[in-house]
Amino acid sequence: MVDVTAEIQADGTIAVTLQDPKWELTVRAAAADFAKLRDIQHTTGKERSLGMGRCADAPVWWNEQDGLLHILVGHDDMTWDVGVTVPPTTAEDVVRAVEQELQRATDSPWPPRP
């Protein structure tokens with residue numbers, strides 16, 4: 001199981017962190033970009049990845065193949081440097097975490113209290 005958390009950054013982007021006991025990956029993107037993961041099932045097949053977000057200042061590519069969600073970090077989805085494979089339900093978990101973080105931020109007083 002992959003733990004998914006989201007946090008609004010000072011620049012307004014969302015940082016989504018995916019973790020399991022052996023690795024951690026943080027992807028930063030606009031909230032609207034994370035919403036695109038709702039249609040991740042349409043990325044099956046070669047060269048149909050969704051380019052969305054950045055990790056360690058490199059592009060991040062998302063696709064679903066063979067019943068798994070692949071998250072690839074690197075130049076493109078064919079010559080990537082780091083990749084993780086997670087259950088496809090992780091895409092839903094990411095969208096839900098982003099929505100919850102946006103709701104939390106809307107409900108909280110501004111400016112944030114220490």
# chains A, B, ... in the order shown; residues from 1 in each chain; ligands from 1
>>> residues_around(residues="Ile14 in chain A", least_positions_apart="6", cutoff="8 Å", atoms="only C-alpha atoms", output="number ranges by chain")
A: 6-8, 28-31, 98
>>> select_by_dssp(residues="range 24-109 of chain A", states="strand (DSSP E)", output="PyMOL selection string")
chain A and resi 24-29+50-55+58-65+68-74+80-86
>>> closest_residue(among="A:Asp107, A:Glu101, A:Asp11, A:Asp39", to="Thr89 in chain A", atoms="only C-alpha atoms")
A:Asp39
>>> atom_distance(atom1="CA of Ile40 in chain A", atom2="CA of Val60 in chain A")
13.7 Å
>>> residues_around(residues="Gln100 in chain A", least_positions_apart="5", cutoff="10 Å", atoms="only C-alpha atoms", output="ChimeraX atom specification")
/A:5-7,94-95,105-106
>>> select_by_dssp(residues="range 45-103 of chain A", states="alpha helix (DSSP H)", output="PyMOL selection string")
chain A and resi 89-103
>>> write_last_selection(atoms="C-alpha atoms", output="PDB file, in the first residue's frame")
ATOM      1  CA  THR A  89      -5.951   3.065  -7.172  1.00  0.00           C
ATOM      2  CA  THR A  90      -3.059   5.337  -6.182  1.00  0.00           C
ATOM      3  CA  ALA A  91      -4.200   7.797  -8.871  1.00  0.00           C
ATOM      4  CA  GLU A  92      -7.558   8.094  -7.090  1.00  0.00           C
ATOM      5  CA  ASP A  93      -5.732   8.495  -3.766  1.00  0.00           C
ATOM      6  CA  VAL A  94      -3.680  11.377  -5.209  1.00  0.00           C
ATOM      7  CA  VAL A  95      -6.768  13.187  -6.510  1.00  0.00           C
ATOM      8  CA  ARG A  96      -8.537  12.691  -3.172  1.00  0.00           C
ATOM      9  CA  ALA A  97      -5.523  13.940  -1.157  1.00  0.00           C
ATOM     10  CA  VAL A  98      -5.267  17.077  -3.317  1.00  0.00           C
ATOM     11  CA  GLU A  99      -8.995  17.765  -2.993  1.00  0.00           C
ATOM     12  CA  GLN A 100      -8.834  17.314   0.793  1.00  0.00           C
ATOM     13  CA  GLU A 101      -5.846  19.643   1.069  1.00  0.00           C
ATOM     14  CA  LEU A 102      -7.600  22.311  -0.995  1.00  0.00           C
ATOM     15  CA  GLN A 103     -10.711  21.950   1.181  1.00  0.00           C
TER      16      GLN A 103
END
>>> closest_residue(among="A:Met1, A:Ala32, A:Val86, A:Leu25", to="Ala56 in chain A", atoms="only C-alpha atoms")
A:Leu25
>>> residues_around(residues="Ile71 in chain A", least_positions_apart="5", cutoff="6 Å", atoms="only C-alpha atoms", output="ChimeraX atom specification")
/A:61-62,83-84
>>> write_last_selection(atoms="N, CA and C atoms", output="short mmCIF file (atom, residue, chain, number, x, y, z; two decimals), in the first residue's frame")
data_model
loop_
_atom_site.label_atom_id
_atom_site.label_comp_id
_atom_site.auth_asym_id
_atom_site.auth_seq_id
_atom_site.Cartn_x
_atom_site.Cartn_y
_atom_site.Cartn_z
N TRP A 61 6.13 11.65 -15.59
CA TRP A 61 5.24 11.03 -16.57
C TRP A 61 4.43 9.94 -15.87
N TRP A 62 3.15 9.90 -16.14
CA TRP A 62 2.24 8.95 -15.51
C TRP A 62 1.56 8.13 -16.59
N GLY A 83 11.76 5.50 -11.62
CA GLY A 83 10.37 5.12 -11.80
C GLY A 83 9.87 4.28 -10.64
N VAL A 84 8.59 4.42 -10.35
CA VAL A 84 7.94 3.56 -9.37
C VAL A 84 6.67 2.99 -10.00
#
>>> closest_residue(among="A:Leu50, A:Cys55, A:Pro87, A:His70", to="Val16 in chain A", atoms="only C-alpha atoms")
A:Cys55
>>> atom_distance(atom1="CA of Leu18 in chain A", atom2="CA of Lys36 in chain A")
17.1 Å
>>> closest_residue(among="A:Gln41, A:Pro88, A:Ala58, A:Asp33", to="Gly74 in chain A", atoms="only C-alpha atoms")
A:Ala58
>>> residues_around(residues="His75 in chain A", least_positions_apart="2", cutoff="9 Å", atoms="only C-alpha atoms", output="list in words")
Ala58, Pro59, Val60, Val73, Asp77, Met78, Thr79, Trp80 and Asp81 of chain A
>>> write_last_selection(atoms="N, CA and C atoms", output="CSV table (one decimal), in the first residue's frame")
chain,number,residue,atom,x,y,z
A,58,ALA,N,12.8,17.7,-12.5
A,58,ALA,CA,12.6,16.9,-13.8
A,58,ALA,C,11.2,16.6,-14.0
A,59,PRO,N,10.8,16.5,-15.3
A,59,PRO,CA,9.4,16.2,-15.6
A,59,PRO,C,9.0,14.8,-15.1
A,60,VAL,N,7.7,14.7,-14.8
A,60,VAL,CA,7.1,13.4,-14.3
A,60,VAL,C,6.1,12.9,-15.3
A,73,VAL,N,10.2,9.6,-13.7
A,73,VAL,CA,10.8,10.9,-13.6
A,73,VAL,C,12.0,10.9,-14.5
A,77,ASP,N,9.0,9.8,-21.2
A,77,ASP,CA,8.5,8.5,-20.7
A,77,ASP,C,9.2,7.3,-21.3
A,78,MET,N,10.2,7.6,-22.1
A,78,MET,CA,11.0,6.5,-22.7
A,78,MET,C,12.4,6.5,-22.2
A,79,THR,N,12.9,7.6,-21.8
A,79,THR,CA,14.3,7.7,-21.3
A,79,THR,C,14.3,8.4,-19.9
A,80,TRP,N,13.5,7.8,-19.0
A,80,TRP,CA,13.4,8.3,-17.6
A,80,TRP,C,14.5,7.8,-16.7
A,81,ASP,N,14.7,8.5,-15.6
A,81,ASP,CA,15.8,8.2,-14.7
A,81,ASP,C,15.4,7.4,-13.5
